[in-house]
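Okay, so here's the structure we're looking at.
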Amino acid sequence: MKRASAVLPDSLPPVGINREQAAALIGIGTSLFDRLVAAGKMPEPRTIAGRLIWDVEEVAAAFRALPHRSEPIVPLDGTHGGVNPWG
């Protein structure tokens, strides 16, 4: 059986992708992607028959919501590194 990505024409990209594809979509490895999901910085997957599938648009939106290099960074553990973010 062919994978969905091999079956779909280029003009019709997939709507759902697996964990490895979701990590690759934003240019990181699966371990960092898992930490971002656990920290709420990346979306939770949807489930279809026990498989975990990420929505491409949700992953892209979460990526775009991450700070740029010049913006303050909030650590993945949700703390603020001892810095008060409000003042």
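Quick note on naming: the chains in the structure tokens go A, B, ... in the order shown, residues restart at 1 in each chain, and ligands are numbered from 1 in order of appearance.
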Helix (DSSP H, G or I) residues, from DSSP on the backbone, in segment 5-79 of chain A, as JSON, numbers by chain | {"A": [5, 6, 7, 19, 20, 21, 22, 23, 24, 25, 30, 31, 32, 33, 34, 35, 36, 37, 38, 56, 57, 58, 59, 60, 61, 62, 63, 64, 65]}
Which residues, written as a PDB file with N, CA and C atoms, in the first residue's frame, have at least one atom at most 9 Å from Met42 of chain A, with only C-alpha atoms counted and residues fewer than 2 positions away on the same chain left out?
```pdb
ATOM      1  N   PHE A  33      10.357  18.289  19.471  1.00  0.00           N
ATOM      2  CA  PHE A  33       8.938  18.431  19.148  1.00  0.00           C
ATOM      3  C   PHE A  33       8.081  17.891  20.293  1.00  0.00           C
ATOM      4  N   ASP A  34       8.449  16.725  20.822  1.00  0.00           N
ATOM      5  CA  ASP A  34       7.702  16.138  21.948  1.00  0.00           C
ATOM      6  C   ASP A  34       7.712  17.071  23.160  1.00  0.00           C
ATOM      7  N   ARG A  35       8.858  17.693  23.435  1.00  0.00           N
ATOM      8  CA  ARG A  35       8.938  18.626  24.567  1.00  0.00           C
ATOM      9  C   ARG A  35       8.059  19.852  24.331  1.00  0.00           C
ATOM     10  N   LEU A  36       8.018  20.336  23.099  1.00  0.00           N
ATOM     11  CA  LEU A  36       7.164  21.479  22.778  1.00  0.00           C
ATOM     12  C   LEU A  36       5.693  21.136  22.923  1.00  0.00           C
ATOM     13  N   VAL A  37       5.303  19.926  22.522  1.00  0.00           N
ATOM     14  CA  VAL A  37       3.907  19.479  22.690  1.00  0.00           C
ATOM     15  C   VAL A  37       3.582  19.398  24.177  1.00  0.00           C
ATOM     16  N   ALA A  38       4.468  18.788  24.963  1.00  0.00           N
ATOM     17  CA  ALA A  38       4.243  18.644  26.410  1.00  0.00           C
ATOM     18  C   ALA A  38       4.147  20.005  27.099  1.00  0.00           C
ATOM     19  N   ALA A  39       4.883  20.994  26.590  1.00  0.00           N
ATOM     20  CA  ALA A  39       4.873  22.335  27.175  1.00  0.00           C
ATOM     21  C   ALA A  39       3.723  23.193  26.658  1.00  0.00           C
ATOM     22  N   GLY A  40       2.939  22.658  25.720  1.00  0.00           N
ATOM     23  CA  GLY A  40       1.830  23.420  25.164  1.00  0.00           C
ATOM     24  C   GLY A  40       2.232  24.413  24.090  1.00  0.00           C
ATOM     25  N   GLU A  44      -1.569  19.446  20.429  1.00  0.00           N
ATOM     26  CA  GLU A  44      -1.755  18.022  20.695  1.00  0.00           C
ATOM     27  C   GLU A  44      -2.181  17.348  19.390  1.00  0.00           C
ATOM     28  N   GLU A  58      -2.477  23.655  12.266  1.00  0.00           N
ATOM     29  CA  GLU A  58      -2.262  23.915  13.693  1.00  0.00           C
ATOM     30  C   GLU A  58      -0.774  23.952  14.024  1.00  0.00           C
ATOM     31  N   VAL A  59      -0.006  23.048  13.439  1.00  0.00           N
ATOM     32  CA  VAL A  59       1.444  23.037  13.674  1.00  0.00           C
ATOM     33  C   VAL A  59       2.061  24.319  13.128  1.00  0.00           C
ATOM     34  N   ALA A  61       0.592  27.219  12.644  1.00  0.00           N
ATOM     35  CA  ALA A  61       0.154  28.357  13.462  1.00  0.00           C
ATOM     36  C   ALA A  61       0.923  28.404  14.778  1.00  0.00           C
ATOM     37  N   ALA A  62       1.143  27.247  15.402  1.00  0.00           N
ATOM     38  CA  ALA A  62       1.898  27.204  16.657  1.00  0.00           C
ATOM     39  C   ALA A  62       3.342  27.643  16.425  1.00  0.00           C
ATOM     40  N   PHE A  63       3.912  27.241  15.303  1.00  0.00           N
ATOM     41  CA  PHE A  63       5.274  27.661  14.973  1.00  0.00           C
ATOM     42  C   PHE A  63       5.340  29.180  14.827  1.00  0.00           C
TER      43      PHE A  63
END
```
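Here atom CA of Ile26 of chain A and atom CA of Ala60 of chain A stand 7.5 Å from one another.
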Please measure the separation of atom CA of Val7 of chain A and atom CA of Trp54 of chain A, giving the value in Å to one decimal.
->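 The value is 18.8 Å.
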May I have the residues within 12 Å of Gln21 of chain A as a VMD selection string, using only C-alpha atoms and disregarding those fewer than 3 positions away in the same chain?
-> chain A and resid 5 14 to 18 24 to 30 33 52 to 56 59
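Here atom CA of Leu32 of chain A is placed at a distance of 26.8 Å from atom CA of Ala6 of chain A.
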Among segment 6-70 of chain A, which ones does DSSP place in strand (DSSP E or B), written as a PyMOL selection string?
-> chain A and resi 16-17+46-48+51-55
